[in-house]
>>> print(open('query_38.cif').read())   # mmCIF, C-alpha atoms
data_protein
loop_
_atom_site.label_atom_id
_atom_site.label_comp_id
_atom_site.auth_asym_id
_atom_site.auth_seq_id
_atom_site.Cartn_x
_atom_site.Cartn_y
_atom_site.Cartn_z
CA MET E 690 -21.36 -60.62 33.44
CA SER E 691 -18.45 -59.50 35.59
CA ASN E 692 -19.33 -62.20 38.15
CA ILE E 693 -19.04 -64.85 35.43
CA ASN E 694 -15.67 -63.47 34.34
CA ASN E 695 -14.42 -63.43 37.93
CA ALA E 696 -15.56 -67.03 38.39
CA ASN E 697 -13.69 -68.09 35.23
CA ASP E 698 -10.57 -66.24 36.37
CA ASN E 699 -10.72 -67.96 39.76
CA LYS E 700 -11.18 -71.33 38.08
CA GLU E 701 -8.13 -70.75 35.86
CA ASN E 702 -6.08 -69.72 38.91
CA ILE E 703 -7.14 -72.88 40.74
CA ASN E 704 -6.29 -75.04 37.71
CA GLN E 705 -2.90 -73.35 37.44
CA GLU E 706 -2.22 -73.96 41.12
CA GLU E 707 -3.19 -77.62 40.72
CA LYS E 708 -0.86 -77.95 37.75
CA GLU E 709 2.03 -76.41 39.67
CA THR E 710 1.36 -78.70 42.63
CA LEU E 711 1.28 -81.71 40.28
CA LYS E 712 4.57 -80.65 38.72
CA GLU E 713 6.22 -80.40 42.13
CA GLU E 714 4.87 -83.81 43.17
CA ILE E 715 6.12 -85.49 40.00
CA LEU E 716 9.54 -83.87 40.25
CA GLU E 717 9.86 -84.76 43.92
CA LYS E 718 8.85 -88.41 43.46
CA LEU E 719 11.11 -89.00 40.47
CA GLN E 720 14.06 -87.21 42.04
CA ASN E 721 13.64 -89.08 45.33
CA GLY E 722 13.53 -92.35 43.41
CA LYS E 723 16.75 -91.48 41.60
CA LYS E 724 18.41 -90.29 44.81
CA GLY E 725 17.51 -93.49 46.66
CA ILE E 726 18.88 -95.73 43.91
CA LEU E 727 22.08 -93.69 43.61
CA GLU E 728 22.71 -93.79 47.37
CA GLU E 729 22.55 -97.58 47.33
CA LEU E 730 24.58 -97.98 44.13
CA ARG E 731 27.32 -95.71 45.47
CA ARG E 732 27.88 -98.16 48.30
CA ARG E 733 29.10 -100.70 45.76
CA ILE E 734 29.83 -98.99 42.41
CA VAL E 735 32.70 -96.51 42.09
CA GLY E 736 32.66 -93.86 39.33
CA GLN E 737 30.86 -94.44 35.99
CA GLU E 738 28.58 -91.43 36.57
CA GLU E 739 27.38 -91.14 32.97
CA VAL E 740 26.76 -94.88 32.63
CA ILE E 741 24.66 -94.97 35.79
CA GLU E 742 22.63 -91.91 34.79
CA LEU E 743 21.85 -93.40 31.37
CA ALA E 744 20.85 -96.72 32.94
CA LEU E 745 18.51 -94.93 35.35
CA ILE E 746 17.04 -92.82 32.54
CA ALA E 747 16.22 -96.02 30.64
CA LEU E 748 14.76 -97.61 33.78
CA PHE E 749 12.51 -94.63 34.52
CA ALA E 750 11.49 -94.31 30.86
CA GLY E 751 10.73 -98.01 30.41
CA GLY E 752 13.49 -98.66 27.85
CA HIS E 753 16.15 -101.35 27.44
CA CYS E 754 19.93 -100.88 27.52
CA LEU E 755 22.86 -102.39 25.68
CA ILE E 756 26.10 -101.88 27.62
CA THR E 757 29.33 -102.29 25.67
CA GLY E 758 32.74 -102.47 27.32
CA VAL E 759 35.83 -104.57 27.91
CA PRO E 760 35.81 -107.15 30.74
CA GLY E 761 36.27 -106.01 34.34
CA LEU E 762 34.47 -102.65 34.19
CA ALA E 763 31.55 -103.67 36.46
CA LYS E 764 28.94 -104.03 33.72
CA THR E 765 27.46 -107.16 35.28
CA LEU E 766 27.92 -105.83 38.83
CA LEU E 767 25.97 -102.65 37.99
CA ILE E 768 23.03 -104.60 36.58
CA LYS E 769 23.07 -107.14 39.41
CA SER E 770 23.11 -104.29 41.96
CA LEU E 771 20.07 -102.67 40.32
CA GLY E 772 18.28 -106.00 40.66
CA GLU E 773 19.01 -106.03 44.40
CA ILE E 774 17.93 -102.41 44.98
CA LEU E 775 14.58 -102.83 43.24
CA ASP E 776 11.97 -105.19 44.67
CA LEU E 777 11.68 -106.99 41.34
CA SER E 778 12.36 -110.50 40.09
CA TYR E 779 15.81 -110.72 38.51
CA LYS E 780 17.29 -113.36 36.17
CA ARG E 781 20.68 -113.64 34.52
CA ILE E 782 20.99 -115.38 31.16
CA GLN E 783 24.55 -116.27 30.16
CA PHE E 784 24.56 -116.25 26.36
CA THR E 785 26.69 -119.00 24.80
CA PRO E 786 26.98 -120.47 21.27
CA ASP E 787 24.90 -123.53 22.24
CA LEU E 788 22.04 -121.56 23.87
CA MET E 789 18.67 -122.29 22.24
CA PRO E 790 15.56 -120.02 22.06
CA ALA E 791 13.64 -122.39 24.34
CA ASP E 792 16.36 -121.95 26.99
CA ILE E 793 15.25 -118.31 27.19
CA THR E 794 11.50 -118.37 26.62
CA GLY E 795 10.65 -121.77 28.09
CA THR E 796 9.63 -125.16 26.76
CA ASP E 797 6.78 -127.68 26.74
CA ILE E 798 7.32 -130.85 28.74
CA LEU E 799 5.33 -134.04 29.02
CA GLU E 800 4.01 -134.39 32.55
CA GLU E 801 2.42 -137.51 34.01
CA ASP E 802 -0.02 -137.62 36.92
CA THR E 803 1.30 -140.42 39.14
CA SER E 804 -2.13 -141.10 40.66
CA THR E 805 -4.08 -141.46 37.40
CA GLY E 806 -1.32 -142.13 34.90
CA LYS E 807 -2.75 -139.39 32.68
CA ARG E 808 -0.22 -137.44 30.64
CA SER E 809 -0.43 -133.79 29.65
CA ILE E 810 1.72 -131.09 28.08
CA LYS E 811 2.89 -128.41 30.49
CA PHE E 812 4.76 -125.21 29.62
CA VAL E 813 7.71 -124.48 31.89
CA LYS E 814 8.55 -120.78 31.86
CA GLY E 815 12.10 -119.75 31.00
CA PRO E 816 14.21 -117.02 32.64
CA ILE E 817 12.64 -114.37 30.39
CA PHE E 818 9.67 -114.33 32.79
CA ALA E 819 11.23 -111.86 35.22
CA ASN E 820 11.20 -108.08 35.69
CA ILE E 821 14.92 -107.47 35.16
CA ILE E 822 16.84 -109.56 32.65
CA LEU E 823 20.63 -109.50 32.49
CA ALA E 824 21.53 -110.79 29.01
CA ASP E 825 25.22 -111.33 29.63
CA GLU E 826 27.49 -111.31 26.56
CA ILE E 827 24.49 -111.29 24.25
CA ASN E 828 26.69 -111.34 21.12
CA ARG E 829 28.02 -114.81 21.97
CA THR E 830 24.89 -116.61 20.80
CA PRO E 831 23.58 -117.07 17.22
CA PRO E 832 20.97 -114.68 15.76
CA LYS E 833 18.22 -117.32 16.06
CA THR E 834 18.56 -117.29 19.85
CA GLN E 835 19.10 -113.53 20.01
CA ALA E 836 15.78 -113.15 18.18
CA ALA E 837 14.01 -114.86 21.08
CA LEU E 838 14.27 -111.52 22.86
CA LEU E 839 12.68 -109.49 20.05
CA GLU E 840 9.02 -110.09 20.85
CA ALA E 841 9.66 -109.87 24.59
CA MET E 842 11.43 -106.50 24.36
CA GLN E 843 8.84 -104.87 22.11
CA GLU E 844 5.52 -106.55 22.93
CA TYR E 845 6.18 -107.65 26.54
CA GLN E 846 4.95 -111.12 25.68
CA VAL E 847 6.15 -114.54 24.53
CA THR E 848 4.36 -116.67 21.96
CA THR E 849 4.72 -120.42 22.34
CA GLY E 850 2.64 -123.07 20.66
CA GLY E 851 0.37 -120.36 19.28
CA VAL E 852 -0.40 -119.08 22.79
CA ARG E 853 0.60 -115.60 23.93
CA LEU E 854 1.92 -115.31 27.46
CA SER E 855 2.34 -111.86 29.02
CA LEU E 856 5.58 -110.99 30.75
CA PRO E 857 5.61 -109.40 34.22
CA ARG E 858 5.74 -105.61 34.24
CA PRO E 859 7.93 -103.65 34.52
CA PHE E 860 10.18 -105.54 32.10
CA PHE E 861 13.73 -104.27 31.70
CA VAL E 862 16.45 -105.91 29.57
CA LEU E 863 20.07 -104.94 30.22
CA ALA E 864 22.40 -106.65 27.79
CA THR E 865 26.20 -106.63 27.83
CA GLN E 866 28.66 -107.29 25.04
CA ASN E 867 32.43 -107.39 24.74
CA PRO E 868 33.69 -105.23 21.83
CA ILE E 869 37.27 -106.54 21.59
CA GLU E 870 37.04 -110.32 21.71
CA LEU E 871 35.24 -110.98 18.42
CA GLU E 872 36.14 -114.65 17.91
CA GLY E 873 33.04 -116.78 18.35
CA THR E 874 30.67 -113.80 18.49
CA TYR E 875 27.64 -112.91 16.38
CA PRO E 876 26.80 -109.24 15.67
CA LEU E 877 23.30 -108.29 16.81
CA PRO E 878 20.79 -107.86 13.96
CA GLU E 879 19.73 -104.27 13.29
CA ALA E 880 16.11 -105.12 14.17
CA GLN E 881 17.17 -106.19 17.64
CA LEU E 882 19.58 -103.29 18.14
CA ASP E 883 16.70 -100.92 17.41
CA ARG E 884 14.81 -102.29 20.43
CA PHE E 885 17.47 -100.95 22.78
CA MET E 886 16.88 -97.39 23.95
CA PHE E 887 20.59 -96.79 24.57
CA ASN E 888 23.88 -98.30 23.53
CA ILE E 889 26.08 -97.29 26.47
CA ILE E 890 29.86 -97.43 26.12
CA ILE E 891 31.55 -98.08 29.46
CA ASN E 892 35.19 -96.95 29.68
CA TYR E 893 38.07 -97.37 32.11
CA LEU E 894 37.91 -95.56 35.46
CA SER E 895 40.08 -92.65 36.48
CA GLU E 896 43.20 -93.46 38.49
CA ASP E 897 41.62 -92.36 41.80
CA ASP E 898 38.46 -94.40 41.18
CA GLU E 899 40.48 -97.43 40.11
CA LEU E 900 42.46 -97.16 43.36
CA LYS E 901 39.20 -97.14 45.37
CA VAL E 902 37.97 -100.22 43.53
CA ALA E 903 41.24 -102.07 44.12
CA ILE E 904 41.09 -101.32 47.87
CA ASN E 905 37.35 -101.97 48.32
CA THR E 906 37.26 -105.26 46.44
CA THR E 907 40.23 -106.73 48.30
CA SER E 908 38.93 -105.98 51.80
CA GLN E 909 36.79 -108.19 54.02
CA ASP E 910 33.79 -105.89 53.92
CA GLU E 911 30.78 -107.13 51.97
CA VAL E 912 28.21 -104.51 50.99
CA ALA E 913 24.58 -105.62 51.25
CA LEU E 914 22.21 -103.31 49.38
CA ASN E 915 18.78 -102.29 50.64
CA THR E 916 15.63 -102.70 48.57
CA ILE E 917 14.01 -99.28 48.19
CA LEU E 918 11.59 -99.34 45.23
CA SER E 919 8.92 -101.77 44.06
CA GLY E 920 7.58 -102.64 40.63
CA ILE E 921 4.52 -100.50 41.31
CA ASP E 922 6.83 -97.50 41.96
CA ILE E 923 8.64 -98.03 38.64
CA LEU E 924 5.37 -98.35 36.70
CA GLU E 925 4.14 -95.14 38.35
CA PHE E 926 7.37 -93.41 37.27
CA HIS E 927 6.72 -94.50 33.66
CA LYS E 928 3.34 -92.73 33.76
CA MET E 929 4.74 -89.62 35.45
CA VAL E 930 7.55 -89.24 32.91
CA LYS E 931 5.08 -88.98 30.03
CA LYS E 932 3.55 -85.88 31.65
CA ILE E 933 6.79 -83.91 31.29
CA PHE E 934 6.39 -81.09 28.77
CA VAL E 935 8.27 -81.06 25.44
CA PRO E 936 8.42 -77.65 23.69
CA ASN E 937 7.69 -77.78 19.97
CA ASN E 938 11.15 -76.56 18.95
CA VAL E 939 12.80 -79.32 21.00
CA ALA E 940 10.65 -82.00 19.36
CA GLN E 941 11.45 -80.50 15.94
CA PHE E 942 15.18 -80.61 16.70
CA ALA E 943 15.02 -84.28 17.75
CA VAL E 944 13.08 -85.28 14.63
CA LYS E 945 15.34 -83.22 12.35
CA LEU E 946 18.43 -84.83 13.89
CA VAL E 947 17.03 -88.29 13.21
CA ARG E 948 15.85 -87.53 9.68
CA ASN E 949 19.18 -85.94 8.71
CA SER E 950 20.95 -89.18 9.68
CA ARG E 951 19.32 -90.93 6.69
CA PRO E 952 21.26 -90.75 3.40
CA SER E 953 17.99 -91.03 1.45
CA GLU E 954 16.76 -87.67 2.79
CA ASP E 955 17.28 -84.66 0.48
CA GLU E 956 18.30 -82.46 3.43
CA ALA E 957 20.89 -84.94 4.74
CA PRO E 958 24.42 -83.46 4.85
CA GLU E 959 26.96 -84.65 2.30
CA PHE E 960 28.98 -86.57 4.89
CA ILE E 961 25.87 -88.62 5.72
CA LYS E 962 25.38 -89.56 2.08
CA LYS E 963 29.07 -90.40 1.82
CA TRP E 964 29.60 -92.43 5.03
CA VAL E 965 26.19 -93.80 6.07
CA SER E 966 24.44 -96.75 4.47
CA TRP E 967 21.44 -96.73 6.82
CA GLY E 968 20.19 -94.01 9.17
CA ALA E 969 18.10 -94.02 12.34
CA GLY E 970 14.44 -95.04 12.31
CA LEU E 971 11.33 -93.74 14.01
CA ARG E 972 12.17 -95.20 17.44
CA ALA E 973 15.22 -92.93 17.64
CA GLY E 974 13.10 -89.78 17.83
CA GLN E 975 10.74 -91.36 20.34
CA PHE E 976 13.62 -92.41 22.61
CA LEU E 977 15.29 -89.00 22.33
CA LEU E 978 12.16 -87.28 23.62
CA LEU E 979 11.32 -89.91 26.23
CA GLY E 980 14.88 -89.98 27.54
CA GLY E 981 14.96 -86.18 27.44
CA LYS E 982 11.92 -86.08 29.74
CA VAL E 983 13.66 -88.19 32.38
CA ARG E 984 16.92 -86.28 32.06
CA ALA E 985 15.05 -82.99 32.47
CA VAL E 986 13.61 -84.23 35.78
CA PHE E 987 17.04 -85.47 36.90
CA HIS E 988 18.30 -81.92 36.32
CA ASP E 989 15.38 -80.35 38.22
CA ARG E 990 13.36 -79.19 35.21
CA TYR E 991 9.77 -79.88 34.18
CA ASN E 992 10.36 -79.31 30.47
CA VAL E 993 12.76 -80.87 27.98
CA SER E 994 15.48 -78.69 26.49
CA ILE E 995 17.64 -79.05 23.39
CA GLU E 996 20.52 -79.64 25.81
CA ASP E 997 18.81 -82.89 26.88
CA ILE E 998 18.48 -84.04 23.25
CA ARG E 999 22.13 -83.24 22.56
CA ALA E 1000 23.25 -85.10 25.70
CA LEU E 1001 21.38 -88.27 24.68
CA ALA E 1002 22.01 -88.17 20.93
CA ILE E 1003 25.08 -90.42 20.91
CA PRO E 1004 23.77 -93.28 23.13
CA VAL E 1005 20.42 -93.22 21.29
CA LEU E 1006 21.80 -93.03 17.74
CA ARG E 1007 25.17 -94.84 17.82
CA HIS E 1008 23.62 -98.30 17.25
CA ARG E 1009 21.05 -97.02 14.75
CA ILE E 1010 23.41 -95.36 12.28
CA ILE E 1011 25.13 -97.95 10.08
CA THR E 1012 28.31 -96.67 8.46
CA ASN E 1013 29.59 -98.01 5.13
CA PHE E 1014 32.94 -99.11 3.68
CA TYR E 1015 34.03 -95.54 2.91
CA ALA E 1016 33.59 -94.53 6.54
CA GLU E 1017 35.47 -97.58 7.73
CA SER E 1018 38.35 -96.88 5.35
CA GLU E 1019 38.61 -93.35 6.75
CA ARG E 1020 38.23 -94.59 10.36
CA ILE E 1021 34.93 -92.81 10.83
CA ASP E 1022 32.55 -94.47 13.29
CA SER E 1023 28.92 -93.69 14.14
CA ASP E 1024 29.93 -91.59 17.16
CA LYS E 1025 31.93 -89.27 14.91
CA VAL E 1026 29.02 -89.05 12.46
CA ILE E 1027 26.65 -88.07 15.29
CA GLU E 1028 29.05 -85.41 16.57
CA MET E 1029 29.18 -83.90 13.09
CA LEU E 1030 25.37 -84.07 12.86
CA LEU E 1031 25.04 -82.16 16.12
CA GLU E 1032 27.31 -79.45 14.73
CA THR E 1033 25.44 -79.32 11.42
CA VAL E 1034 21.74 -79.53 12.34
CA SER E 1035 20.42 -76.08 13.22
CA GLU E 1036 18.24 -75.52 16.26
CA PRO E 1037 14.64 -74.43 15.48
CA VAL E 1038 13.41 -71.13 16.86
CA SER E 1039 12.34 -71.41 20.49
CA GLY E 1040 8.64 -71.89 21.11
CA LEU E 1041 6.36 -73.49 23.67
CA THR E 1042 3.45 -74.43 21.44
#
>>> encode(input="query_38.cif", output="structure tokens")
Amino acid sequence: MSNINNANDNKENINQEEKETLKEEILEKLQNGKKGILEELRRRIVGQEEVIELALIALFAGGHCLITGVPGLAKTLLIKSLGEILDLSYKRIQFTPDLMPADITGTDILEEDTSTGKRSIKFVKGPIFANIILADEINRTPPKTQAALLEAMQEYQVTTGGVRLSLPRPFFVLATQNPIELEGTYPLPEAQLDRFMFNIIINYLSEDDELKVAINTTSQDEVALNTILSGIDILEFHKMVKKIFVPNNVAQFAVKLVRNSRPSEDEAPEFIKKWVSWGAGLRAGQFLLLGGKVRAVFHDRYNVSIEDIRALAIPVLRHRIITNFYAESERIDSDKVIEMLLETVSEPVSGLT
């Protein structure tokens, strides 16, 4: 009997050692991937530490990003640089008022065989059939065209003429929008906003960083970036990230934060019922945990903490919480609502089950 017990103990020790080795391998691969991308980006992008980290979290988690900021803050340059660093196909779509859905997804054309004279319908793929899509100034095109991205972002496919065509994987949409020049723009529908993992606000640089940019961009030196990761690497990262452990109390905190953002919930704070017309949906909790897993790895941890959820709450929730007239009249935006939520929602008791 003792021999059997010893054998079981040895087996458990071996399994534990294998788990620890696996943890170290996952952490090392993900951190090396992040380090390699950052080293290349830093050769061209100055500052914007938080923006870059959020973009990389979305990339490693398999989510999409909406980047909001005034012109000239390197939104397009950041996305273009990511396309150069990763060995992935990259397409830029400039959204304009006259852009049609077929200009994004593709269109059927009539093709004639010159040798036989036979005609046939051929589908010509649009720019959506790439790994990285830069949707530049996405709010400058009507909702009908914006909706062309919906199926692609969620289902990784395009339906045309009743036929479903799969998109290449990984598939990563980075959209930009200008928040100050509203003439001729169309607000994104809530259904499409919900597809974006993060809404990242990009702000002005510090004086020192702005000085570096002014000097670097007016010199003769042109920075060519090296390609360091492939699509297979990114897909492997997506699988690795899902193995990161989430303690039960952290998951409870994320879900409670999301549920308390809904004015229809009995437990929602009074300020939510007063200022919010529509709270965050189910995807918000999923993205909080998924983003928390990547952030934990970036900070050299194999388990998600409540600190990770708090750090990602604003970019995950700001485009999912819709404020009402009363909030607008009191100059309360969704960021302020989320900050108050973070102060109000209590943290569940720690536990690893």
>>> closest_atom_pairs(input="query_38.cif", of="region 831-943 of chain E", to="region 990-1008 of chain E", cutoff="12 Å", atoms="all atoms listed in the file", output="Markdown table")
| residue | atom | partner | partner_atom | distance |
| --- | --- | --- | --- | --- |
| E:Pro876 | CA | E:His1008 | CA | 11.5 |
| E:Leu877 | CA | E:His1008 | CA | 10.0 |
| E:Pro878 | CA | E:His1008 | CA | 10.5 |
| E:Glu879 | CA | E:His1008 | CA | 8.2 |
| E:Ala880 | CA | E:His1008 | CA | 10.6 |
| E:Gln881 | CA | E:His1008 | CA | 10.2 |
| E:Leu882 | CA | E:His1008 | CA | 6.5 |
| E:Asp883 | CA | E:His1008 | CA | 7.4 |
| E:Arg884 | CA | E:His1008 | CA | 10.2 |
| E:Phe885 | CA | E:Val1005 | CA | 8.4 |
| E:Met886 | CA | E:Val1005 | CA | 6.1 |
| E:Phe887 | CA | E:Val1005 | CA | 4.9 |
| E:Asn888 | CA | E:Pro1004 | CA | 5.0 |
| E:Ile889 | CA | E:Pro1004 | CA | 5.7 |
| E:Ile890 | CA | E:Pro1004 | CA | 8.0 |
| E:Ile891 | CA | E:Pro1004 | CA | 11.1 |
| E:Met929 | CA | E:Tyr991 | CA | 11.0 |
| E:Val930 | CA | E:Tyr991 | CA | 9.7 |
| E:Lys931 | CA | E:Asn992 | CA | 11.0 |
| E:Lys932 | CA | E:Tyr991 | CA | 9.0 |
| E:Ile933 | CA | E:Tyr991 | CA | 5.8 |
| E:Phe934 | CA | E:Asn992 | CA | 4.7 |
| E:Val935 | CA | E:Val993 | CA | 5.2 |
| E:Pro936 | CA | E:Val993 | CA | 6.9 |
| E:Asn937 | CA | E:Val993 | CA | 10.0 |
| E:Asn938 | CA | E:Ile995 | CA | 8.2 |
| E:Val939 | CA | E:Ile995 | CA | 5.4 |
| E:Ala940 | CA | E:Ile995 | CA | 8.6 |
| E:Gln941 | CA | E:Ile995 | CA | 9.8 |
| E:Phe942 | CA | E:Ile995 | CA | 7.3 |
| E:Ala943 | CA | E:Ile998 | CA | 6.5 |
>>> axis_aligned_box(input="query_38.cif", around="region 741-758 of chain E", padding_each_side="3 Å", output="JSON")
{"center_x": 21.7, "center_y": -97.2, "center_z": 30.7, "size_x": 28.0, "size_y": 16.6, "size_z": 16.1}
>>> residues_around(input="query_38.cif", residues="region 769-775 of chain E", least_positions_apart="5", cutoff="6 Å", atoms="only C-alpha atoms", output="MDAnalysis selection string")
chainID E and resid 915:919
>>> resolve_selection(input="query_38.cif", expression="the PyMOL selection byres ((chain E and resi 796) around 9)", output="PyMOL selection string")
chain E and resi 791-795+797-798+811-815+849
>>> resolve_selection(input="query_38.cif", expression="the PyMOL selection byres ((chain E and resi 785) around 6)", output="PyMOL selection string")
chain E and resi 784+786-788+829-830
>>> write_last_selection(input="query_38.cif", atoms="C-alpha atoms", output="PDB file, keeping the file's coordinate frame")
ATOM      1  CA  PHE E 784      24.560-116.250  26.360  1.00  0.00           C
ATOM      2  CA  PRO E 786      26.980-120.470  21.270  1.00  0.00           C
ATOM      3  CA  ASP E 787      24.900-123.530  22.240  1.00  0.00           C
ATOM      4  CA  LEU E 788      22.040-121.560  23.870  1.00  0.00           C
ATOM      5  CA  ARG E 829      28.020-114.810  21.970  1.00  0.00           C
ATOM      6  CA  THR E 830      24.890-116.610  20.800  1.00  0.00           C
TER       7      THR E 830
END
>>> closest_residue(input="query_38.cif", among="E:Gly970, E:Gln720, E:Gly752, E:Leu777", to="Leu946 (chain E)", atoms="all atoms listed in the file")
E:Gly970
>>> residues_around(input="query_38.cif", residues="Thr1033 (chain E)", least_positions_apart="4", cutoff="12 Å", atoms="all atoms listed in the file", output="JSON, numbers by chain")
{"E": [942, 945, 946, 949, 950, 956, 957, 958, 959, 960, 961, 1026, 1027, 1028, 1029]}
>>> closest_residue(input="query_38.cif", among="E:Lys963, E:Ala985, E:Leu755, E:Asp955", to="Ser1018 (chain E)", atoms="only C-alpha atoms")
E:Lys963
>>> residues_near_point(input="query_38.cif", point="(27.5, -104.8, 38.2)", cutoff="12 Å", atoms="all atoms listed in the file", output="ChimeraX atom specification")
/E:730-731,733-735,737,740-741,744,756,760-774,781,823,825,863-865,891
>>> closest_residue(input="query_38.cif", among="E:Asn892, E:Leu799, E:Thr1012, E:Met842", to="Gly968 (chain E)", atoms="all atoms listed in the file")
E:Thr1012
>>> residues_around(input="query_38.cif", residues="Asn828 (chain E)", least_positions_apart="3", cutoff="6 Å", atoms="all atoms listed in the file", output="VMD selection string")
chain E and resid 866 874 to 876
>>> closest_residue(input="query_38.cif", among="E:Ile923, E:Leu971, E:Leu979, E:Val947", to="Leu1031 (chain E)", atoms="only C-alpha atoms")
E:Val947
>>> closest_residue(input="query_38.cif", among="E:Val847, E:Ala837, E:Ile1011, E:Val944", to="Leu978 (chain E)", atoms="only C-alpha atoms")
E:Val944
>>> atom_distance(input="query_38.cif", atom1="CA of Phe818 (chain E)", atom2="CA of Leu856 (chain E)")
5.7 Å
>>> residues_around(input="query_38.cif", residues="Lys928 (chain E)", least_positions_apart="2", cutoff="12 Å", atoms="only C-alpha atoms", output="list in words")
Ile715, Lys718, Leu719, Phe749, Ala750, Gly751, Pro859, Ile921, Asp922, Ile923, Leu924, Glu925, Phe926, Val930, Lys931, Lys932, Ile933, Leu979, Lys982 and Val983 of chain E
>>> write_last_selection(input="query_38.cif", atoms="C-alpha atoms", output="tab-separated table (two decimals), in the frame of the given file")
chain	number	residue	atom	x	y	z
E	715	ILE	CA	6.12	-85.49	40.00
E	718	LYS	CA	8.85	-88.41	43.46
E	719	LEU	CA	11.11	-89.00	40.47
E	749	PHE	CA	12.51	-94.63	34.52
E	750	ALA	CA	11.49	-94.31	30.86
E	751	GLY	CA	10.73	-98.01	30.41
E	859	PRO	CA	7.93	-103.65	34.52
E	921	ILE	CA	4.52	-100.50	41.31
E	922	ASP	CA	6.83	-97.50	41.96
E	923	ILE	CA	8.64	-98.03	38.64
E	924	LEU	CA	5.37	-98.35	36.70
E	925	GLU	CA	4.14	-95.14	38.35
E	926	PHE	CA	7.37	-93.41	37.27
E	930	VAL	CA	7.55	-89.24	32.91
E	931	LYS	CA	5.08	-88.98	30.03
E	932	LYS	CA	3.55	-85.88	31.65
E	933	ILE	CA	6.79	-83.91	31.29
E	979	LEU	CA	11.32	-89.91	26.23
E	982	LYS	CA	11.92	-86.08	29.74
E	983	VAL	CA	13.66	-88.19	32.38
>>> residues_around(input="query_38.cif", residues="Glu800 (chain E)", least_positions_apart="4", cutoff="9 Å", atoms="only C-alpha atoms", output="list in words")
Lys807, Arg808, Ser809, Ile810 and Lys811 of chain E
>>> atom_distance(input="query_38.cif", atom1="CA of Arg732 (chain E)", atom2="CA of Lys901 (chain E)")
11.7 Å
